[in-house]
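Asker: Supplied in structure tokens, the structure appears directly below.
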Amino acid sequence: MLNQNITISGCNIISSLGFTSKENFRNVLNGVSGLQFHSHDSAQPLALIDKRQFDKSSFENQLPETFSMFEKLCALSIKDALSESSVKINSEDSLIILATTKGNIGMLESDNKRSESIHLWESARKVGEYFRVKNFPLVISNACVSGVMAQVLALRMLNAGQYKNIVVCGADLITDFVLKGFQSFKALSPAACRPYDLNRDGLSLGEGAGSIVFSIGQSEALFDGVRGLSGASSNDANHISGPSRTGDGLANAIFSTLNQADVRPEFISTHGTATPYNDEMESKAINLTGLHEIPANSLKSYYGHTLGGAGVIETITTLLALESSKAIGTLGHVEYGMAEKINLVVQTHDLVFNSFLKIASGFGGCNAAILFSK
Amino acid sequence: MYILNHCRISKGIISDSDGIVFDSQGNNLAYFLKEFYKFDKIIYPKFYKMDEQCKLAFIASEVLFRNFRRDDYADEELAMIFANSDSTLTTDMSFWDSTFAIASPGLFVYTLPNIMLGEIAIRNKIKGENIFFISREYDPKLLYNQTELVFQNTNTKIAIVGWVNYENDTSYLAKLFLVSKSDEAKNIFSLENLINLNN
């Protein structure tokens, strides 16, 4: 049973919408989308990090030149998250968890062969070394639920007393590898994605990193003392690349999460990729769990689908929304197009809520959920 | 917590807790996994669509599940906690090669390590926790710790735990453990046994 006093003392988002969580949130509140058409491949919009600003930031922070862009992204994000907090990441009781789907996969594009540096554990080692950590960072790679799952594991390990502080960093870059993969799958919308819309026709890709500093028994706490309560994962056991038709897999992860806590969510941050099948499946899962009247949104039309980063970036955005009593609207949504009704937030408006559920689903039939509450 | 069965596949040999199940030393992995598939009279056409790493994980799980009373458990009570070192690097390279002609969606789907969990889940209707870690080497401490946390925090009664890593047809390793929360067996689920069994 979870429910210990796990609070948050720092966070960061680096994405197409900025380099700090506050900058990102300001853009989201103003209805700004990071999705733009880029000259090198105009078949679909992408939400890319501003490379000039990124290089400037890497230089100012004196990141090692031996770092790949992926490693710099993780290091910058973790560093900014820690800068708000008094947590010493290099203490014996601190751990970094890295959540990513493809890490340095872009390296194959210049030289398609095996190398040590392409491995996810090697990126984790470098990032850990940069922060002089005592414990080798944990790496989780669970497709698009990686970012939610890494937070669930953080809660479990903190509750068990294994660590006092855990920084979860979820990150992925848009590479030609990833882009061509999603194109081959015909999963990308030619325009900015439209979650839960009748005319939704695919997802939009984004890149970025999100980092959250979780601590147990700490007095300093952001977001009005919001605590991480519980979480779970599940498998559809249905199809390796398509979501379940019934939503029962995601519903299982939600049930398992809620069963571990005595709090009901007052808001839901959905996965909401805007593919025809995903959104339909999620709306069914939300109905199966009786949460269809709870206000829910998708943030994919702001950030794009940031893969391993998504679960963390969207959790932080929802934490900031809770703190400022705002329900963030689902940008790009015009007409509801699901067989089953959910209480989708379309326009951003004032809303006081004290708890929320973050959910995610991905290839391999995996689902994950995590619950936060004041 | 007890280990009900364990399975190892490496160097052309498949073994479980009773000893050697199948010996095909000298043959490459693709060949000998297909041989075992026929030998064991497995009928599962999806097997042929899988990449080599998934085939390796699949066959190891088939051996692991022999004599297991699957029907005693609800789908949600079974969990999977896996790890490897290479993620899906071999298939990643094949997929990247394919992009110079027509990028293959059939390869792209196998460029995520947790697809192994998906394949085993579909075959055995496993709907519980599923977590995939990447570590440089087989890390029994990580697997032990995470399995214990899954048992403590969820309704899981059975966990399939282990390591499946495929580099090429001669360099590969699968080590799986079928772990029960309460059904007794000869071997307890301990860090020591995660080190000594399947070795």
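Please note that chains go A, B, ... in the order of the structure tokens, that every chain numbers its residues from 1, and that ligands are numbered from 1 in the order shown.
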Could you list, as a PyMOL selection string, every residue of chain B that has an atom within 7 Å of an atom of chain A, counting only C-alpha atoms?
Answerer: chain B and resi 86+93+96+103-105+108-109+112+114-115+117-119+121-122+125-136+149+153-154
Asker: Using C-alpha atoms, can you write the selected residues to a file as a PDB file, in the first residue's frame?
Answerer:
ATOM      1  CA  ASP B  86      20.870  -3.849 -26.080  1.00  0.00           C
ATOM      2  CA  MET B  93      19.820  -1.358 -37.463  1.00  0.00           C
ATOM      3  CA  TRP B  96      17.255   1.931 -40.397  1.00  0.00           C
ATOM      4  CA  ALA B 103      10.716   1.939 -44.321  1.00  0.00           C
ATOM      5  CA  SER B 104       9.270  -1.257 -42.889  1.00  0.00           C
ATOM      6  CA  PRO B 105       6.442  -0.857 -40.369  1.00  0.00           C
ATOM      7  CA  PHE B 108       9.583  -0.582 -36.703  1.00  0.00           C
ATOM      8  CA  VAL B 109       7.162  -2.183 -34.277  1.00  0.00           C
ATOM      9  CA  LEU B 112      10.835  -1.237 -28.646  1.00  0.00           C
ATOM     10  CA  ASN B 114       8.748  -4.062 -24.273  1.00  0.00           C
ATOM     11  CA  ILE B 115       7.281  -5.611 -27.434  1.00  0.00           C
ATOM     12  CA  LEU B 117       6.371  -8.420 -23.055  1.00  0.00           C
ATOM     13  CA  GLY B 118       3.500  -7.709 -25.445  1.00  0.00           C
ATOM     14  CA  GLU B 119       4.104 -10.908 -27.405  1.00  0.00           C
ATOM     15  CA  ALA B 121       1.214 -11.272 -22.855  1.00  0.00           C
ATOM     16  CA  ILE B 122      -0.866 -11.979 -25.973  1.00  0.00           C
ATOM     17  CA  LYS B 125      -3.287 -13.563 -21.605  1.00  0.00           C
ATOM     18  CA  ILE B 126      -1.100 -11.743 -19.117  1.00  0.00           C
ATOM     19  CA  LYS B 127      -2.710  -8.445 -18.182  1.00  0.00           C
ATOM     20  CA  GLY B 128      -0.884  -7.344 -15.048  1.00  0.00           C
ATOM     21  CA  GLU B 129       2.171  -5.175 -14.429  1.00  0.00           C
ATOM     22  CA  ASN B 130       4.751  -5.021 -17.227  1.00  0.00           C
ATOM     23  CA  ILE B 131       8.033  -3.203 -16.821  1.00  0.00           C
ATOM     24  CA  PHE B 132      11.169  -3.175 -18.976  1.00  0.00           C
ATOM     25  CA  PHE B 133      14.566  -2.027 -17.692  1.00  0.00           C
ATOM     26  CA  ILE B 134      17.812  -1.462 -19.536  1.00  0.00           C
ATOM     27  CA  SER B 135      21.027  -2.265 -17.689  1.00  0.00           C
ATOM     28  CA  ARG B 136      24.555  -2.857 -18.897  1.00  0.00           C
ATOM     29  CA  LEU B 149       7.878  -4.072  -5.089  1.00  0.00           C
ATOM     30  CA  ASN B 153       2.055  -2.899  -4.255  1.00  0.00           C
ATOM     31  CA  THR B 154      -0.306  -4.719  -6.624  1.00  0.00           C
TER      32      THR B 154
END
Asker: Give me the residues within 10 Å of Thr317 in chain A as a tab-separated table (two decimals) with N, CA and C atoms, in the first residue's frame, counting only C-alpha atoms and dropping any in the same chain fewer than 4 places off.
Answerer:
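For reference, selection-v4.tsv as written:
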chain	number	residue	atom	x	y	z
A	12	ASN	N	11.13	20.48	-14.17
A	12	ASN	CA	11.55	21.20	-15.38
A	12	ASN	C	10.89	20.58	-16.61
A	13	ILE	N	10.60	21.43	-17.59
A	13	ILE	CA	10.22	20.94	-18.92
A	13	ILE	C	11.10	21.66	-19.94
A	21	SER	N	9.74	24.86	-16.75
A	21	SER	CA	8.34	24.44	-16.66
A	21	SER	C	7.41	25.66	-16.67
A	22	LYS	N	7.85	26.75	-16.05
A	22	LYS	CA	7.00	27.96	-16.02
A	22	LYS	C	6.81	28.54	-17.42
A	24	ASN	N	7.02	26.94	-20.26
A	24	ASN	CA	6.15	26.01	-20.98
A	24	ASN	C	4.69	26.22	-20.59
A	25	PHE	N	4.46	26.34	-19.28
A	25	PHE	CA	3.08	26.45	-18.80
A	25	PHE	C	2.43	27.76	-19.26
A	26	ARG	N	3.22	28.83	-19.27
A	26	ARG	CA	2.70	30.12	-19.74
A	26	ARG	C	2.22	29.98	-21.18
A	28	VAL	N	1.30	27.22	-22.73
A	28	VAL	CA	0.11	26.35	-22.76
A	28	VAL	C	-1.13	27.15	-22.36
A	29	LEU	N	-1.00	27.95	-21.29
A	29	LEU	CA	-2.13	28.78	-20.83
A	29	LEU	C	-2.58	29.75	-21.92
A	210	GLY	N	11.16	16.06	-19.51
A	210	GLY	CA	10.53	16.54	-18.29
A	210	GLY	C	11.24	15.89	-17.12
A	269	SER	N	-5.55	13.74	-16.91
A	269	SER	CA	-4.71	14.10	-18.05
A	269	SER	C	-4.56	12.83	-18.87
A	299	LEU	N	-2.94	16.96	-23.82
A	299	LEU	CA	-1.98	18.05	-24.05
A	299	LEU	C	-1.15	17.83	-25.31
A	312	VAL	N	6.00	12.54	-18.27
A	312	VAL	CA	6.55	13.46	-17.26
A	312	VAL	C	6.15	14.90	-17.60
A	313	ILE	N	6.31	15.28	-18.86
A	313	ILE	CA	5.96	16.65	-19.28
A	313	ILE	C	4.49	16.94	-18.99
A	321	ALA	N	-1.23	23.29	-13.52
A	321	ALA	CA	-2.63	23.66	-13.72
A	321	ALA	C	-3.40	23.55	-12.41
A	322	LEU	N	-3.12	22.49	-11.65
A	322	LEU	CA	-3.76	22.32	-10.34
A	322	LEU	C	-3.42	23.50	-9.44
A	323	GLU	N	-2.13	23.86	-9.43
A	323	GLU	CA	-1.66	24.96	-8.57
A	323	GLU	C	-2.32	26.29	-8.94
A	328	ILE	N	-6.88	22.97	-18.39
A	328	ILE	CA	-6.29	23.30	-19.69
A	328	ILE	C	-7.14	22.67	-20.80
Asker: Do you know which residues are at most 12 Å from Asn168 in chain B counting only C-alpha atoms, after dropping those on the same chain fewer than 4 positions away, and could you put them as a list in words?
Answerer: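 Near neighbours after the sequence-gap exclusion: Arg114 of chain A; Ser10, Lys11, Asn28, Leu29, Ala30, Asp51, Glu52, Gln53, Leu56, Asp86, Thr88, Leu89, Thr90, Thr91, Met93, Ser94, Tyr172 and Leu173 of chain B.
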Asker: Residues near range 75-88 of chain A, anyone? I mean within 7 Å using only C-alpha atoms, not counting same-chain ones fewer than 5 positions away, as a PDB file with N, CA and C atoms, in the first residue's frame.
Answerer:
ATOM      1  N   SER A   9       9.814  18.624  -5.055  1.00  0.00           N
ATOM      2  CA  SER A   9      10.542  19.847  -4.693  1.00  0.00           C
ATOM      3  C   SER A   9      11.196  20.533  -5.889  1.00  0.00           C
ATOM      4  N   GLY A  10      10.982  20.002  -7.082  1.00  0.00           N
ATOM      5  CA  GLY A  10      11.535  20.673  -8.258  1.00  0.00           C
ATOM      6  C   GLY A  10      11.012  20.033  -9.523  1.00  0.00           C
ATOM      7  N   CYS A  11      10.980  20.809 -10.597  1.00  0.00           N
ATOM      8  CA  CYS A  11      10.567  20.224 -11.867  1.00  0.00           C
ATOM      9  C   CYS A  11      11.081  21.074 -13.025  1.00  0.00           C
ATOM     10  N   ASN A  12      11.127  20.482 -14.168  1.00  0.00           N
ATOM     11  CA  ASN A  12      11.549  21.200 -15.378  1.00  0.00           C
ATOM     12  C   ASN A  12      10.895  20.576 -16.609  1.00  0.00           C
ATOM     13  N   ILE A  13      10.601  21.430 -17.586  1.00  0.00           N
ATOM     14  CA  ILE A  13      10.223  20.939 -18.918  1.00  0.00           C
ATOM     15  C   ILE A  13      11.104  21.661 -19.939  1.00  0.00           C
ATOM     16  N   ILE A  14      11.711  20.898 -20.838  1.00  0.00           N
ATOM     17  CA  ILE A  14      12.362  21.483 -22.018  1.00  0.00           C
ATOM     18  C   ILE A  14      11.627  20.910 -23.225  1.00  0.00           C
ATOM     19  N   VAL A 127      25.148  10.769 -17.804  1.00  0.00           N
ATOM     20  CA  VAL A 127      24.334  11.765 -17.091  1.00  0.00           C
ATOM     21  C   VAL A 127      24.567  11.622 -15.580  1.00  0.00           C
ATOM     22  N   CYS A 169      13.527  11.572 -14.954  1.00  0.00           N
ATOM     23  CA  CYS A 169      13.683  12.353 -16.181  1.00  0.00           C
ATOM     24  C   CYS A 169      13.181  11.522 -17.359  1.00  0.00           C
ATOM     25  N   ALA A 209      12.029  16.973 -22.827  1.00  0.00           N
ATOM     26  CA  ALA A 209      12.336  16.273 -21.584  1.00  0.00           C
ATOM     27  C   ALA A 209      11.527  16.883 -20.464  1.00  0.00           C
ATOM     28  N   GLY A 210      11.162  16.055 -19.511  1.00  0.00           N
ATOM     29  CA  GLY A 210      10.532  16.537 -18.289  1.00  0.00           C
ATOM     30  C   GLY A 210      11.241  15.885 -17.120  1.00  0.00           C
ATOM     31  N   SER A 211      11.476  16.672 -16.063  1.00  0.00           N
ATOM     32  CA  SER A 211      12.115  16.105 -14.865  1.00  0.00           C
ATOM     33  C   SER A 211      11.340  16.513 -13.621  1.00  0.00           C
ATOM     34  N   ILE A 212      11.160  15.569 -12.726  1.00  0.00           N
ATOM     35  CA  ILE A 212      10.479  15.834 -11.451  1.00  0.00           C
ATOM     36  C   ILE A 212      11.341  15.299 -10.309  1.00  0.00           C
ATOM     37  N   VAL A 213      11.501  16.131  -9.269  1.00  0.00           N
ATOM     38  CA  VAL A 213      12.237  15.708  -8.071  1.00  0.00           C
ATOM     39  C   VAL A 213      11.222  15.263  -7.021  1.00  0.00           C
TER      40      VAL A 213
END
Asker: Which neighbours of Thr156 in chain B fall inside 6 Å, counting only C-alpha atoms, when residues of the same chain fewer than 4 positions from it are skipped, and could you give them as a VMD selection string?
Answerer: chain B and resid 77 to 78 151
Asker: Output the selection as a PDB file, in the first residue's frame - N, CA and C atoms for each residue.
Answerer:
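Just written: out_16.pdb:
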ATOM      1  N   GLU B  77      -3.507 -11.047 -12.492  1.00  0.00           N
ATOM      2  CA  GLU B  77      -2.620 -11.432 -11.385  1.00  0.00           C
ATOM      3  C   GLU B  77      -1.228 -11.845 -11.865  1.00  0.00           C
ATOM      4  N   LEU B  78      -1.024 -11.796 -13.190  1.00  0.00           N
ATOM      5  CA  LEU B  78       0.292 -12.154 -13.730  1.00  0.00           C
ATOM      6  C   LEU B  78       1.032 -10.898 -14.183  1.00  0.00           C
ATOM      7  N   PHE B 151       5.013  -7.236  -6.146  1.00  0.00           N
ATOM      8  CA  PHE B 151       4.208  -8.085  -5.264  1.00  0.00           C
ATOM      9  C   PHE B 151       3.629  -7.274  -4.093  1.00  0.00           C
TER      10      PHE B 151
END
Asker: As a short mmCIF file (atom, residue, chain, number, x, y, z; two decimals) with C-alpha atoms, in the first residue's frame, please: the residues near Gln4 in chain A (cut-off 12 Å, only C-alpha atoms, same-chain neighbours under 6 positions excluded).
Answerer:
data_model
loop_
_atom_site.label_atom_id
_atom_site.label_comp_id
_atom_site.auth_asym_id
_atom_site.auth_seq_id
_atom_site.Cartn_x
_atom_site.Cartn_y
_atom_site.Cartn_z
CA LEU A 155 6.78 6.19 -5.66
CA ARG A 156 7.28 2.48 -4.94
CA MET A 157 10.98 2.80 -4.13
CA LEU A 158 10.52 5.91 -1.96
CA ASN A 159 7.67 4.25 -0.06
CA ALA A 160 9.78 1.19 0.58
CA GLY A 161 12.44 3.44 2.12
CA LYS A 164 14.87 9.63 0.10
CA PHE A 214 10.30 13.40 -5.73
CA SER A 215 11.17 13.25 -2.02
CA ILE A 216 9.79 11.42 0.98
CA GLY A 217 9.29 13.23 4.27
CA GLN A 218 10.64 16.55 2.96
CA VAL A 226 0.61 17.75 -3.75
CA ARG A 227 1.64 14.16 -3.05
CA GLY A 228 2.27 11.25 -5.38
CA LEU A 229 -0.10 8.57 -4.09
CA SER A 230 -0.09 5.44 -6.22
CA GLN A 260 -4.08 1.54 -3.66
CA ALA A 261 -5.36 4.95 -2.51
CA PHE A 372 -1.58 12.74 -7.40
CA SER A 373 -3.49 14.58 -4.66
#
Asker: Among range 60-293 of chain A, which residues carry a DSSP assignment of strand (DSSP E), reported as a PyMOL selection string?
Answerer: chain A and resi 94-99+138-140+165-172+208-216+227-235+268-269
Asker: Export, as an mmCIF file, in the first residue's frame, the selected residues with N, CA and C atoms.
Answerer:
data_model
loop_
_atom_site.group_PDB
_atom_site.id
_atom_site.type_symbol
_atom_site.label_atom_id
_atom_site.label_comp_id
_atom_site.auth_asym_id
_atom_site.auth_seq_id
_atom_site.Cartn_x
_atom_site.Cartn_y
_atom_site.Cartn_z
ATOM 1 N N SER A 94 19.928 9.171 -2.881
ATOM 2 C CA SER A 94 19.273 9.779 -4.046
ATOM 3 C C SER A 94 19.511 8.939 -5.296
ATOM 4 N N LEU A 95 18.529 8.975 -6.191
ATOM 5 C CA LEU A 95 18.601 8.169 -7.416
ATOM 6 C C LEU A 95 18.030 8.963 -8.589
ATOM 7 N N ILE A 96 18.577 8.723 -9.780
ATOM 8 C CA ILE A 96 17.990 9.255 -11.015
ATOM 9 C C ILE A 96 17.353 8.084 -11.758
ATOM 10 N N ILE A 97 16.115 8.274 -12.239
ATOM 11 C CA ILE A 97 15.502 7.295 -13.140
ATOM 12 C C ILE A 97 15.328 7.967 -14.494
ATOM 13 N N LEU A 98 15.872 7.333 -15.522
ATOM 14 C CA LEU A 98 15.771 7.856 -16.876
ATOM 15 C C LEU A 98 14.725 7.045 -17.639
ATOM 16 N N ALA A 99 13.770 7.743 -18.233
ATOM 17 C CA ALA A 99 12.721 7.071 -19.017
ATOM 18 C C ALA A 99 12.846 7.524 -20.461
ATOM 19 N N LEU A 138 18.766 4.349 -12.961
ATOM 20 C CA LEU A 138 17.909 3.269 -13.453
ATOM 21 C C LEU A 138 17.358 3.710 -14.811
ATOM 22 N N VAL A 139 17.285 2.775 -15.770
ATOM 23 C CA VAL A 139 16.737 3.125 -17.086
ATOM 24 C C VAL A 139 15.497 2.289 -17.348
ATOM 25 N N ILE A 140 14.418 2.964 -17.711
ATOM 26 C CA ILE A 140 13.199 2.254 -18.049
ATOM 27 C C ILE A 140 12.817 2.576 -19.482
ATOM 28 N N ASN A 165 15.255 10.572 -2.095
ATOM 29 C CA ASN A 165 14.958 11.456 -3.230
ATOM 30 C C ASN A 165 15.143 10.699 -4.534
ATOM 31 N N ILE A 166 14.197 10.875 -5.449
ATOM 32 C CA ILE A 166 14.358 10.290 -6.777
ATOM 33 C C ILE A 166 13.994 11.352 -7.819
ATOM 34 N N VAL A 167 14.910 11.571 -8.745
ATOM 35 C CA VAL A 167 14.614 12.465 -9.868
ATOM 36 C C VAL A 167 14.242 11.603 -11.059
ATOM 37 N N VAL A 168 13.037 11.819 -11.565
ATOM 38 C CA VAL A 168 12.600 11.101 -12.769
ATOM 39 C C VAL A 168 12.779 12.031 -13.964
ATOM 40 N N CYS A 169 13.527 11.572 -14.954
ATOM 41 C CA CYS A 169 13.683 12.353 -16.181
ATOM 42 C C CYS A 169 13.181 11.522 -17.359
ATOM 43 N N GLY A 170 12.161 12.028 -18.052
ATOM 44 C CA GLY A 170 11.656 11.362 -19.255
ATOM 45 C C GLY A 170 12.051 12.188 -20.459
ATOM 46 N N ALA A 171 12.674 11.570 -21.453
ATOM 47 C CA ALA A 171 13.170 12.368 -22.586
ATOM 48 C C ALA A 171 13.235 11.556 -23.872
ATOM 49 N N ASP A 172 12.962 12.209 -24.982
ATOM 50 C CA ASP A 172 13.181 11.639 -26.316
ATOM 51 C C ASP A 172 13.319 12.765 -27.325
ATOM 52 N N GLY A 208 11.325 16.448 -26.359
ATOM 53 C CA GLY A 208 11.488 17.195 -25.122
ATOM 54 C C GLY A 208 11.862 16.309 -23.955
ATOM 55 N N ALA A 209 12.029 16.973 -22.827
ATOM 56 C CA ALA A 209 12.336 16.273 -21.584
ATOM 57 C C ALA A 209 11.527 16.883 -20.464
ATOM 58 N N GLY A 210 11.162 16.055 -19.511
ATOM 59 C CA GLY A 210 10.532 16.537 -18.289
ATOM 60 C C GLY A 210 11.241 15.885 -17.120
ATOM 61 N N SER A 211 11.476 16.672 -16.063
ATOM 62 C CA SER A 211 12.115 16.105 -14.865
ATOM 63 C C SER A 211 11.340 16.513 -13.621
ATOM 64 N N ILE A 212 11.160 15.569 -12.726
ATOM 65 C CA ILE A 212 10.479 15.834 -11.451
ATOM 66 C C ILE A 212 11.341 15.299 -10.309
ATOM 67 N N VAL A 213 11.501 16.131 -9.269
ATOM 68 C CA VAL A 213 12.237 15.708 -8.071
ATOM 69 C C VAL A 213 11.222 15.263 -7.021
ATOM 70 N N PHE A 214 11.182 13.951 -6.764
ATOM 71 C CA PHE A 214 10.300 13.401 -5.733
ATOM 72 C C PHE A 214 11.106 13.176 -4.454
ATOM 73 N N SER A 215 10.497 13.511 -3.306
ATOM 74 C CA SER A 215 11.165 13.248 -2.023
ATOM 75 C C SER A 215 10.165 12.708 -1.025
ATOM 76 N N ILE A 216 10.668 11.918 -0.087
ATOM 77 C CA ILE A 216 9.786 11.425 0.977
ATOM 78 C C ILE A 216 10.137 12.122 2.285
ATOM 79 N N ARG A 227 0.884 15.395 -3.280
ATOM 80 C CA ARG A 227 1.641 14.162 -3.050
ATOM 81 C C ARG A 227 1.400 13.165 -4.178
ATOM 82 N N GLY A 228 2.420 12.375 -4.460
ATOM 83 C CA GLY A 228 2.269 11.251 -5.384
ATOM 84 C C GLY A 228 1.734 10.085 -4.586
ATOM 85 N N LEU A 229 0.551 9.579 -4.942
ATOM 86 C CA LEU A 229 -0.101 8.570 -4.092
ATOM 87 C C LEU A 229 0.139 7.134 -4.542
ATOM 88 N N SER A 230 -0.155 6.832 -5.801
ATOM 89 C CA SER A 230 -0.085 5.435 -6.222
ATOM 90 C C SER A 230 -0.052 5.357 -7.738
ATOM 91 N N GLY A 231 0.241 4.159 -8.226
ATOM 92 C CA GLY A 231 0.268 3.976 -9.679
ATOM 93 C C GLY A 231 0.385 2.512 -10.030
ATOM 94 N N ALA A 232 0.192 2.205 -11.306
ATOM 95 C CA ALA A 232 0.246 0.811 -11.755
ATOM 96 C C ALA A 232 0.422 0.760 -13.266
ATOM 97 N N SER A 233 0.792 -0.423 -13.748
ATOM 98 C CA SER A 233 0.836 -0.648 -15.191
ATOM 99 C C SER A 233 0.000 -1.876 -15.511
ATOM 100 N N SER A 234 -0.266 -2.075 -16.794
ATOM 101 C CA SER A 234 -1.031 -3.246 -17.208
ATOM 102 C C SER A 234 -0.731 -3.532 -18.667
ATOM 103 N N ASN A 235 -1.162 -4.703 -19.130
ATOM 104 C CA ASN A 235 -1.024 -5.031 -20.548
ATOM 105 C C ASN A 235 -2.380 -5.427 -21.108
ATOM 106 N N ILE A 268 -8.433 14.414 -15.115
ATOM 107 C CA ILE A 268 -7.666 13.364 -15.800
ATOM 108 C C ILE A 268 -6.848 13.993 -16.922
ATOM 109 N N SER A 269 -5.554 13.745 -16.910
ATOM 110 C CA SER A 269 -4.712 14.105 -18.045
ATOM 111 C C SER A 269 -4.559 12.832 -18.869
#
Asker: Could you give me, as a PyMOL selection string, the residues within 6 Å of Asn84 in chain B, counting only C-alpha atoms and dropping anything in the same chain fewer than 2 positions from it?
Answerer: chain B and resi 134+163-165
Asker: Smallest atom-to-atom distance to Ile316 in chain A: which of A:Asn135, A:Gln151, A:Ser16, A:Ser244, using only C-alpha atoms?
Answerer: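 Closest to Ile316 in chain A of all the choices is A:Gln151.
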Asker: May I ask which of the residues A:Leu291, A:Lys72, A:Asn199, A:Ala154 is the closest one to Ser123 in chain A, counting only C-alpha atoms?
Answerer: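 Of A:Leu291, A:Lys72, A:Asn199, A:Ala154, the one nearest Ser123 in chain A is A:Lys72, counting only C-alpha atoms.
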